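Structure file start29.cif (mmCIF, C-alpha atoms) follows.
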data_run
#
loop_
_atom_site.label_atom_id
_atom_site.label_comp_id
_atom_site.auth_asym_id
_atom_site.auth_seq_id
_atom_site.Cartn_x
_atom_site.Cartn_y
_atom_site.Cartn_z
CA MET T 1 15.99 -10.62 7.54
CA SER T 2 12.69 -9.38 9.01
CA GLU T 3 11.41 -5.94 8.12
CA LYS T 4 11.98 -3.11 10.57
CA THR T 5 9.07 -2.02 12.72
CA ILE T 6 7.99 1.59 12.40
CA GLN T 7 9.55 2.26 15.83
CA GLU T 8 12.88 0.90 14.60
CA GLU T 9 12.68 2.98 11.43
CA ILE T 10 11.99 6.16 13.39
CA GLN T 11 14.62 5.31 15.98
CA SER T 12 17.21 5.00 13.23
CA ILE T 13 16.37 8.55 12.02
CA ILE T 14 16.22 10.25 15.45
CA PRO T 15 18.06 7.98 17.91
CA GLU T 16 18.40 10.62 20.67
CA LEU T 17 14.82 11.82 20.59
CA PHE T 18 13.12 8.48 20.14
CA PRO T 19 12.98 7.51 23.86
CA SER T 20 10.95 10.70 24.50
CA LEU T 21 8.49 9.97 21.68
CA GLU T 22 8.06 6.26 22.26
CA PRO T 23 5.81 6.30 25.37
CA GLU T 24 3.51 8.99 23.96
CA PHE T 25 2.08 7.32 20.84
CA ASP T 26 0.01 4.28 19.95
CA TRP T 27 2.49 2.68 17.56
CA GLU T 28 0.08 0.31 15.92
CA LEU T 29 -2.02 3.30 14.87
CA VAL T 30 1.06 5.21 13.69
CA LYS T 31 1.98 2.21 11.53
CA ASN T 32 -1.57 1.96 10.15
CA PHE T 33 -1.64 5.68 9.32
CA TYR T 34 1.71 5.39 7.54
CA GLU T 35 0.44 2.37 5.56
CA PHE T 36 -2.73 4.28 4.65
CA LEU T 37 -0.74 7.30 3.38
CA LYS T 38 1.45 5.06 1.22
CA ARG T 39 -1.44 2.97 -0.09
CA ASP T 40 -3.82 5.83 -0.96
CA ASN T 41 -1.20 8.40 -1.95
CA GLU T 42 -1.86 8.08 -5.66
CA LYS T 43 -5.63 7.99 -5.35
CA GLY T 44 -5.72 11.05 -3.08
CA GLY T 45 -2.80 12.98 -4.58
CA PHE T 46 -1.39 13.46 -1.08
CA PHE T 47 2.26 14.12 -1.94
CA SER T 48 4.42 15.17 -4.85
CA ARG T 49 6.55 12.47 -6.46
CA ASN T 50 9.60 13.75 -4.63
CA ASP T 51 7.82 13.73 -1.26
CA SER T 52 6.21 10.34 -1.69
CA GLU T 53 9.67 8.78 -1.26
CA LYS T 54 9.96 10.47 2.14
CA ILE T 55 6.53 10.12 3.73
CA LEU T 56 7.98 8.82 6.99
CA GLU T 57 10.56 11.52 7.72
CA ARG T 58 8.95 14.44 5.87
CA HIS T 59 5.39 14.00 7.03
CA ILE T 60 4.80 11.42 9.75
CA LEU T 61 7.89 12.16 11.81
CA GLU T 62 7.73 15.91 11.32
CA SER T 63 4.09 15.91 12.43
CA MET T 64 4.81 13.63 15.39
CA ILE T 65 7.48 15.96 16.69
CA PHE T 66 5.15 18.96 16.29
CA VAL T 67 2.43 17.11 18.26
CA TRP T 68 4.89 15.95 20.91
CA LYS T 69 6.22 19.50 21.38
CA LEU T 70 2.72 20.93 21.91
CA LYS T 71 1.85 18.16 24.34
CA THR T 72 5.04 18.33 26.40
CA THR T 73 4.93 22.14 26.59
CA GLY T 74 1.44 21.86 28.08
CA TYR T 75 -0.64 23.34 25.25
CA VAL T 76 -2.50 20.13 24.46
CA SER T 77 -4.01 17.59 26.86
CA ARG T 78 -6.75 14.99 26.79
CA GLU T 79 -9.33 17.74 27.49
CA THR T 80 -8.33 19.96 24.55
CA ASN T 81 -10.61 20.52 21.56
CA ILE T 82 -8.16 20.97 18.71
CA ALA T 83 -8.78 21.79 15.05
CA ASP T 84 -6.22 21.29 12.29
CA VAL T 85 -7.01 23.46 9.27
CA GLY T 86 -6.02 22.69 5.67
CA THR T 87 -5.24 19.22 6.95
CA GLY T 88 -5.25 17.37 3.59
CA PRO T 89 -4.88 13.68 4.51
CA GLY T 90 -4.59 14.61 8.22
CA LEU T 91 -1.22 16.34 8.55
CA PRO T 92 -0.19 17.29 11.12
CA GLY T 93 -3.50 17.12 13.02
CA PHE T 94 -4.31 13.42 12.81
CA LEU T 95 -1.15 12.64 14.80
CA PHE T 96 -2.84 14.19 17.86
CA ALA T 97 -5.42 11.38 17.65
CA LEU T 98 -2.59 8.82 17.74
CA LEU T 99 -1.36 9.96 21.15
CA LYS T 100 -2.09 7.49 23.94
CA LYS T 101 -3.74 10.39 25.81
CA ALA T 102 -5.39 11.96 22.78
CA PRO T 103 -7.38 15.20 22.69
CA HIS T 104 -10.60 15.60 20.70
CA VAL T 105 -9.45 16.29 17.14
CA PHE T 106 -11.33 18.09 14.37
CA LEU T 107 -9.79 17.84 10.89
CA VAL T 108 -10.77 20.70 8.59
CA ASP T 109 -10.40 20.89 4.83
CA SER T 110 -12.59 22.39 2.14
CA GLN T 111 -11.57 19.71 -0.35
CA LYS T 112 -12.83 16.18 0.08
CA ARG T 113 -10.36 14.50 -2.24
CA LYS T 114 -7.74 13.82 0.44
CA LEU T 115 -9.59 14.03 3.71
CA ALA T 116 -12.54 11.81 2.72
CA LEU T 117 -10.11 8.93 2.18
CA LEU T 118 -8.88 9.30 5.75
CA GLU T 119 -12.46 9.54 7.00
CA ALA T 120 -13.29 6.24 5.27
CA GLU T 121 -10.22 4.60 6.86
CA VAL T 122 -11.33 5.86 10.30
CA GLU T 123 -14.92 4.75 9.75
CA THR T 124 -14.33 1.20 8.61
CA GLY T 125 -10.62 0.55 8.15
CA SER T 126 -7.38 0.16 10.08
CA LEU T 127 -7.83 3.43 12.01
CA SER T 128 -11.30 2.79 13.43
CA LYS T 129 -9.90 2.74 16.97
CA VAL T 130 -9.79 6.57 16.91
CA LYS T 131 -13.36 7.01 15.65
CA LYS T 132 -14.68 8.48 18.90
CA ARG T 133 -12.05 11.18 19.10
CA VAL T 134 -11.84 12.46 15.51
CA GLU T 135 -14.37 14.56 13.58
CA PHE T 136 -14.19 15.66 9.95
CA ILE T 137 -15.27 19.13 8.82
CA TYR T 138 -15.51 19.92 5.11
CA ALA T 139 -15.62 23.71 5.01
CA ARG T 140 -13.52 26.74 4.21
CA THR T 141 -11.59 27.78 7.30
CA GLU T 142 -12.59 31.43 7.07
CA GLU T 143 -16.28 30.48 7.12
CA ILE T 144 -16.14 28.53 10.40
CA ASN T 145 -17.39 30.18 13.58
CA SER T 146 -16.49 28.07 16.59
CA ASN T 147 -14.73 28.10 19.95
CA PHE T 148 -11.83 25.69 19.72
CA ASP T 149 -9.13 25.68 22.41
CA VAL T 150 -6.32 25.20 19.90
CA VAL T 151 -6.04 25.58 16.13
CA THR T 152 -3.05 24.18 14.25
CA SER T 153 -1.94 24.55 10.66
CA ARG T 154 0.98 23.58 8.51
CA ALA T 155 1.51 25.75 5.44
CA MET T 156 -2.14 26.34 4.61
CA VAL T 157 -2.14 30.14 4.36
CA PRO T 158 1.06 32.21 4.44
CA TYR T 159 2.01 33.44 7.90
CA PRO T 160 0.88 35.79 9.52
CA TYR T 161 -2.41 35.76 7.53
CA ILE T 162 -3.29 32.39 9.03
CA ALA T 163 -4.25 34.46 12.12
CA GLU T 164 -6.82 36.39 10.10
CA VAL T 165 -8.30 33.28 8.51
CA THR T 166 -8.68 31.37 11.79
CA THR T 167 -9.64 34.08 14.32
CA ARG T 168 -13.35 33.21 14.27
CA MET T 169 -12.57 29.59 15.06
CA LEU T 170 -10.91 30.19 18.42
CA LYS T 171 -12.44 30.88 21.80
CA GLN T 172 -11.18 33.83 23.89
CA LYS T 173 -7.72 32.92 25.22
CA GLY T 174 -7.58 30.05 22.71
CA ILE T 175 -4.29 29.54 20.90
CA LEU T 176 -3.26 29.34 17.28
CA CYS T 177 -0.15 27.22 16.69
CA PRO T 178 1.12 27.53 13.12
CA PHE T 179 3.88 25.07 12.25
CA LEU T 180 6.44 27.08 10.27
CA ALA T 181 9.71 26.71 8.43
CA GLN T 182 11.77 29.87 7.90
CA PRO T 183 11.51 32.72 10.42
CA TYR T 184 9.18 35.53 9.33
CA SER T 185 11.12 38.75 8.96
CA ASP T 186 8.54 41.55 8.48
CA LEU T 187 7.88 42.19 12.16
CA GLU T 188 5.83 45.31 11.48
CA LYS T 189 3.40 43.42 9.22
CA GLU T 190 3.27 40.53 11.69
CA THR T 191 2.31 42.85 14.57
CA GLU T 192 -0.29 44.61 12.42
CA VAL T 193 -2.01 41.39 11.27
CA LEU T 194 -1.95 39.81 14.73
CA THR T 195 -3.28 42.95 16.45
CA ASN T 196 -6.05 43.52 13.89
CA ASN T 197 -7.29 39.99 14.48
CA GLY T 198 -7.12 39.93 18.27
CA PHE T 199 -3.89 37.95 18.77
CA VAL T 200 -0.77 38.40 20.84
CA MET T 201 2.41 36.43 20.41
CA LYS T 202 3.04 34.33 23.52
CA LYS T 203 6.19 32.55 22.46
CA GLU T 204 8.11 30.81 19.74
CA ILE T 205 9.13 27.20 20.14
CA PRO T 206 12.16 26.20 18.06
CA ILE T 207 12.36 22.58 16.92
CA PRO T 208 16.07 21.76 16.67
CA GLU T 209 15.07 18.08 16.57
CA LEU T 210 13.95 18.62 12.98
CA GLU T 211 17.18 20.17 11.70
CA PHE T 212 17.58 17.15 9.42
CA VAL T 213 14.62 18.35 7.31
CA GLY T 214 15.43 22.07 7.70
CA LYS T 215 14.47 24.87 10.06
CA ARG T 216 11.13 24.38 11.83
CA HIS T 217 9.40 26.25 14.63
CA ILE T 218 5.98 26.75 16.20
CA LYS T 219 4.48 30.10 17.08
CA ILE T 220 2.09 30.25 20.02
CA LEU T 221 -0.43 33.02 19.35
CA GLN T 222 -3.13 33.71 21.90
CA LYS T 223 -6.47 35.22 20.96
CA ASN T 224 -6.81 37.90 23.61
CA SER T 225 -9.60 40.00 22.16
CA LEU T 226 -12.11 40.20 19.36
CA PRO T 227 -10.77 41.33 15.96
CA LYS T 228 -10.89 45.05 15.16
CA LYS T 229 -13.83 46.35 13.18
CA GLY T 230 -13.56 45.24 9.55
CA TYR T 231 -11.55 42.10 10.39
CA PRO T 232 -11.25 39.37 9.37
CA ARG T 233 -11.56 40.61 5.80
CA GLU T 234 -13.02 38.70 2.89
CA TRP T 235 -10.83 35.90 1.58
CA LYS T 236 -10.16 37.63 -1.76
CA GLU T 237 -8.78 40.68 0.10
CA ILE T 238 -6.41 38.51 2.11
CA VAL T 239 -5.25 36.69 -1.02
CA LYS T 240 -4.58 39.97 -2.78
CA GLU T 241 -2.37 41.10 0.10
CA THR T 242 -0.46 37.83 0.38
CA LYS T 243 0.20 37.92 -3.37
CA SER T 244 1.51 41.49 -3.37
CA LYS T 245 3.61 40.60 -0.32
CA ASN T 246 5.17 37.61 -2.03
CA GLY T 247 5.78 39.41 -5.28
#
Take the structure in the file and write it out as structure tokens.
Amino acid sequence: MSEKTIQEEIQSIIPELFPSLEPEFDWELVKNFYEFLKRDNEKGGFFSRNDSEKILERHILESMIFVWKLKTTGYVSRETNIADVGTGPGLPGFLFALLKKAPHVFLVDSQKRKLALLEAEVETGSLSKVKKRVEFIYARTEEINSNFDVVTSRAMVPYPYIAEVTTRMLKQKGILCPFLAQPYSDLEKETEVLTNNGFVMKKEIPIPELEFVGKRHIKILQKNSLPKKGYPREWKEIVKETKSKNG
């Protein structure tokens, strides 16, 4: 019996949603990215042993649905300059580059171990088709001054401090879209961190389509003003606060 295509594999996991995803992505590139993650997983230390069994549903599919949600809700189009911070081997940000109508994607990570492998694959390997629309930035997020339209992140810095770490990266009215699991319950702290760093909460987008991996949602935070004086703070200050917050 012939092996399943990646479309068939994904369709078997999310049969109802698949017809909505199918027309949006370049499936040959999705397949090549999946093959790359499996092949270089050990060399790059991309995933834990437990996760490496579930690269498709835990990482590719989860990221695809995140990307699809932001595109279909109108936050990302071909004209968008989007940066994905703490991207590792390109998750979730590289999936934006695999859209048929892809934005300009900047992948940001301070560590080269994972991301440089993806860069090599884009330069000369099976993903070279996206070369014109992907750029690689090796820097600490909090040290980047830029004016991106959209910044995304999956579990790089605990929420809501991701707003403090990324505020200098976004243009006025730009949006930060952290991809989150459990709801954040300390609303007072959330408001304080967002306000200090110039953000307002526009909306929350639930992702019931990902119930099979657990609760997932996206927050849409708009940068409405410059941060207050003294913000963003130095990285070590932020770390200290996140540590005391998480016990």
Check your understanding: Pick the closest to Glu241 in chain T from T:Tyr161, T:Phe25, T:Phe136, T:Tyr184: which is it, counting all atoms listed in the file?
Key -> T:Tyr161
Which residues of range 125-200 of chain T come within 9 Å of range 28-48 of chain T, and what is each one's closest atom pair and distance in Å (one decimal), counting all atoms listed in the file, sorted by chain and residue number, as a tab-separated table?
residue	atom	partner	partner_atom	distance
T:Ser126	CA	T:Asn32	CA	6.1
T:Leu127	CA	T:Leu29	CA	6.5
T:Lys129	CA	T:Leu29	CA	8.2
T:Val130	CA	T:Leu29	CA	8.7
Exercise for review: May I have the residues within 9 Å of Glu79 in chain T as a VMD selection string, using all atoms listed in the file and disregarding those fewer than 3 positions away in the same chain?
Suggested key: chain T and resid 76 102 to 104
Point to revise | For Ile205 in chain T, the nearest of the candidates T:Gln172, T:Thr73, T:Thr242, T:Thr166, counting only C-alpha atoms | key: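 Under the stated criterion, the closest residue is T:Thr73.
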Point to revise | Residues returned when the PyMOL selection byres ((chain T and resi 141-143) around 8) runs on this file, as a ChimeraX atom specification | key: /T:85-86,108-110,139-140,144-145,165-166,168,235
Could the residues in this selection be saved with C-alpha atoms as a compact mmCIF listing (two decimals), in the frame of the given file?
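Wrote selection_3.txt, looks like this:
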# COMPACT_ATOMS: atom_id res chain seq x y z
CA VAL T 85 -7.01 23.46 9.27
CA GLY T 86 -6.02 22.69 5.67
CA VAL T 108 -10.77 20.70 8.59
CA ASP T 109 -10.40 20.89 4.83
CA SER T 110 -12.59 22.39 2.14
CA ALA T 139 -15.62 23.71 5.01
CA ARG T 140 -13.52 26.74 4.21
CA ILE T 144 -16.14 28.53 10.40
CA ASN T 145 -17.39 30.18 13.58
CA VAL T 165 -8.30 33.28 8.51
CA THR T 166 -8.68 31.37 11.79
CA ARG T 168 -13.35 33.21 14.27
CA TRP T 235 -10.83 35.90 1.58
Review point. By how many Å are CA of Glu16 in chain T and CA of Thr80 in chain T apart?
Key: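 So the answer is 28.6 Å.
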Exercise for review: For CA of Lys202 in chain T and CA of Pro92 in chain T, determine how far apart the two atoms are, in Å to one decimal place.
Suggested key: 21.3 Å
Point to revise | Interatomic distance (Å, one decimal) between CA of Val213 in chain T and CA of Pro178 in chain T | key: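 CA of Val213 in chain T sits 17.3 Å away from CA of Pro178 in chain T.
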Exercise for review: Quick one: everything within 12 Å of Ser20 in chain T, counting all atoms listed in the file, minus sequence neighbours fewer than 3 positions away in the same chain. Send it as a VMD selection string.
Suggested key: chain T and resid 11 14 to 17 23 to 25 64 to 65 68 to 69 71 to 72 209
Check your understanding: Can you tell me, as a PyMOL selection string, what residues are no more than 12 Å from Glu8 in chain T when counting all atoms listed in the file, ignoring any on the same chain fewer than 5 positions away?
Key -> chain T and resi 2-3+13-15+18-19+22+27+31
Can you pull range 136-174 of chain T out of that block with N, CA and C atoms and hand it back as an mmCIF file, in the first residue's frame?
data_model
loop_
_atom_site.group_PDB
_atom_site.id
_atom_site.type_symbol
_atom_site.label_atom_id
_atom_site.label_comp_id
_atom_site.auth_asym_id
_atom_site.auth_seq_id
_atom_site.Cartn_x
_atom_site.Cartn_y
_atom_site.Cartn_z
ATOM 1 N N PHE T 136 16.401 35.773 8.118
ATOM 2 C CA PHE T 136 16.810 35.168 9.384
ATOM 3 C C PHE T 136 17.546 36.219 10.209
ATOM 4 N N ILE T 137 17.119 36.383 11.454
ATOM 5 C CA ILE T 137 17.735 37.376 12.339
ATOM 6 C C ILE T 137 18.225 36.657 13.597
ATOM 7 N N TYR T 138 19.534 36.705 13.811
ATOM 8 C CA TYR T 138 20.105 36.071 15.007
ATOM 9 C C TYR T 138 20.385 37.176 16.021
ATOM 10 N N ALA T 139 19.442 37.391 16.918
ATOM 11 C CA ALA T 139 19.588 38.465 17.907
ATOM 12 C C ALA T 139 18.621 38.196 19.037
ATOM 13 N N ARG T 140 18.898 38.832 20.175
ATOM 14 C CA ARG T 140 17.966 38.741 21.298
ATOM 15 C C ARG T 140 16.788 39.663 21.005
ATOM 16 N N THR T 141 15.605 39.149 21.219
ATOM 17 C CA THR T 141 14.387 39.901 20.895
ATOM 18 C C THR T 141 14.385 41.289 21.514
ATOM 19 N N GLU T 142 14.758 41.366 22.788
ATOM 20 C CA GLU T 142 14.649 42.656 23.487
ATOM 21 C C GLU T 142 15.643 43.695 22.974
ATOM 22 N N GLU T 143 16.597 43.251 22.147
ATOM 23 C CA GLU T 143 17.585 44.203 21.617
ATOM 24 C C GLU T 143 17.249 44.682 20.207
ATOM 25 N N ILE T 144 16.114 44.243 19.669
ATOM 26 C CA ILE T 144 15.768 44.615 18.289
ATOM 27 C C ILE T 144 14.863 45.838 18.287
ATOM 28 N N ASN T 145 15.294 46.873 17.576
ATOM 29 C CA ASN T 145 14.433 48.032 17.325
ATOM 30 C C ASN T 145 13.996 47.944 15.881
ATOM 31 N N SER T 146 12.693 47.907 15.631
ATOM 32 C CA SER T 146 12.229 47.763 14.261
ATOM 33 C C SER T 146 10.830 48.330 14.141
ATOM 34 N N ASN T 147 10.172 48.056 13.018
ATOM 35 C CA ASN T 147 8.780 48.522 12.872
ATOM 36 C C ASN T 147 7.976 47.476 12.096
ATOM 37 N N PHE T 148 7.924 46.281 12.664
ATOM 38 C CA PHE T 148 7.141 45.212 12.062
ATOM 39 C C PHE T 148 5.649 45.499 12.201
ATOM 40 N N ASP T 149 4.872 44.944 11.246
ATOM 41 C CA ASP T 149 3.410 45.060 11.315
ATOM 42 C C ASP T 149 2.860 44.100 12.367
ATOM 43 N N VAL T 150 3.430 42.891 12.376
ATOM 44 C CA VAL T 150 2.928 41.822 13.252
ATOM 45 C C VAL T 150 4.126 41.091 13.858
ATOM 46 N N VAL T 151 4.020 40.796 15.155
ATOM 47 C CA VAL T 151 5.017 39.929 15.804
ATOM 48 C C VAL T 151 4.262 38.752 16.409
ATOM 49 N N THR T 152 4.784 37.547 16.165
ATOM 50 C CA THR T 152 4.171 36.350 16.740
ATOM 51 C C THR T 152 5.181 35.651 17.647
ATOM 52 N N SER T 153 4.643 34.809 18.515
ATOM 53 C CA SER T 153 5.515 34.071 19.427
ATOM 54 C C SER T 153 4.745 32.909 20.013
ATOM 55 N N ARG T 154 5.437 31.800 20.160
ATOM 56 C CA ARG T 154 4.816 30.653 20.818
ATOM 57 C C ARG T 154 5.712 30.270 21.981
ATOM 58 N N ALA T 155 5.276 30.599 23.181
ATOM 59 C CA ALA T 155 5.961 30.111 24.395
ATOM 60 C C ALA T 155 7.419 30.533 24.506
ATOM 61 N N MET T 156 7.751 31.739 24.048
ATOM 62 C CA MET T 156 9.148 32.142 24.218
ATOM 63 C C MET T 156 9.374 32.751 25.600
ATOM 64 N N VAL T 157 8.559 33.721 25.949
ATOM 65 C CA VAL T 157 8.646 34.403 27.245
ATOM 66 C C VAL T 157 7.253 34.282 27.846
ATOM 67 N N PRO T 158 7.148 34.046 29.155
ATOM 68 C CA PRO T 158 5.802 33.903 29.733
ATOM 69 C C PRO T 158 4.925 35.130 29.436
ATOM 70 N N TYR T 159 3.670 34.867 29.140
ATOM 71 C CA TYR T 159 2.699 35.934 28.956
ATOM 72 C C TYR T 159 2.402 36.552 30.329
ATOM 73 N N PRO T 160 2.203 37.858 30.479
ATOM 74 C CA PRO T 160 2.134 38.914 29.463
ATOM 75 C C PRO T 160 3.479 39.591 29.164
ATOM 76 N N TYR T 161 4.586 39.055 29.735
ATOM 77 C CA TYR T 161 5.880 39.750 29.590
ATOM 78 C C TYR T 161 6.397 39.750 28.158
ATOM 79 N N ILE T 162 5.833 38.899 27.324
ATOM 80 C CA ILE T 162 6.192 38.920 25.903
ATOM 81 C C ILE T 162 5.934 40.322 25.318
ATOM 82 N N ALA T 163 4.937 41.026 25.872
ATOM 83 C CA ALA T 163 4.624 42.386 25.396
ATOM 84 C C ALA T 163 5.774 43.343 25.709
ATOM 85 N N GLU T 164 6.400 43.152 26.865
ATOM 86 C CA GLU T 164 7.507 44.023 27.249
ATOM 87 C C GLU T 164 8.744 43.750 26.394
ATOM 88 N N VAL T 165 8.975 42.488 26.098
ATOM 89 C CA VAL T 165 10.173 42.095 25.361
ATOM 90 C C VAL T 165 10.087 42.496 23.877
ATOM 91 N N THR T 166 8.873 42.588 23.346
ATOM 92 C CA THR T 166 8.735 42.831 21.898
ATOM 93 C C THR T 166 8.300 44.249 21.544
ATOM 94 N N THR T 167 8.019 45.106 22.527
ATOM 95 C CA THR T 167 7.403 46.402 22.200
ATOM 96 C C THR T 167 8.240 47.248 21.240
ATOM 97 N N ARG T 168 9.560 47.155 21.345
ATOM 98 C CA ARG T 168 10.403 47.967 20.447
ATOM 99 C C ARG T 168 10.404 47.454 19.007
ATOM 100 N N MET T 169 9.916 46.246 18.822
ATOM 101 C CA MET T 169 9.948 45.655 17.480
ATOM 102 C C MET T 169 8.784 46.097 16.608
ATOM 103 N N LEU T 170 7.709 46.575 17.243
ATOM 104 C CA LEU T 170 6.477 46.838 16.501
ATOM 105 C C LEU T 170 6.318 48.301 16.136
ATOM 106 N N LYS T 171 5.729 48.540 14.980
ATOM 107 C CA LYS T 171 5.396 49.913 14.610
ATOM 108 C C LYS T 171 4.153 50.342 15.398
ATOM 109 N N GLN T 172 3.860 51.657 15.407
ATOM 110 C CA GLN T 172 2.611 52.133 16.021
ATOM 111 C C GLN T 172 1.437 51.452 15.329
ATOM 112 N N LYS T 173 0.494 51.002 16.084
ATOM 113 C CA LYS T 173 -0.687 50.261 15.610
ATOM 114 C C LYS T 173 -0.353 48.853 15.111
ATOM 115 N N GLY T 174 0.915 48.446 15.264
ATOM 116 C CA GLY T 174 1.278 47.065 14.923
ATOM 117 C C GLY T 174 0.674 46.121 15.951
#
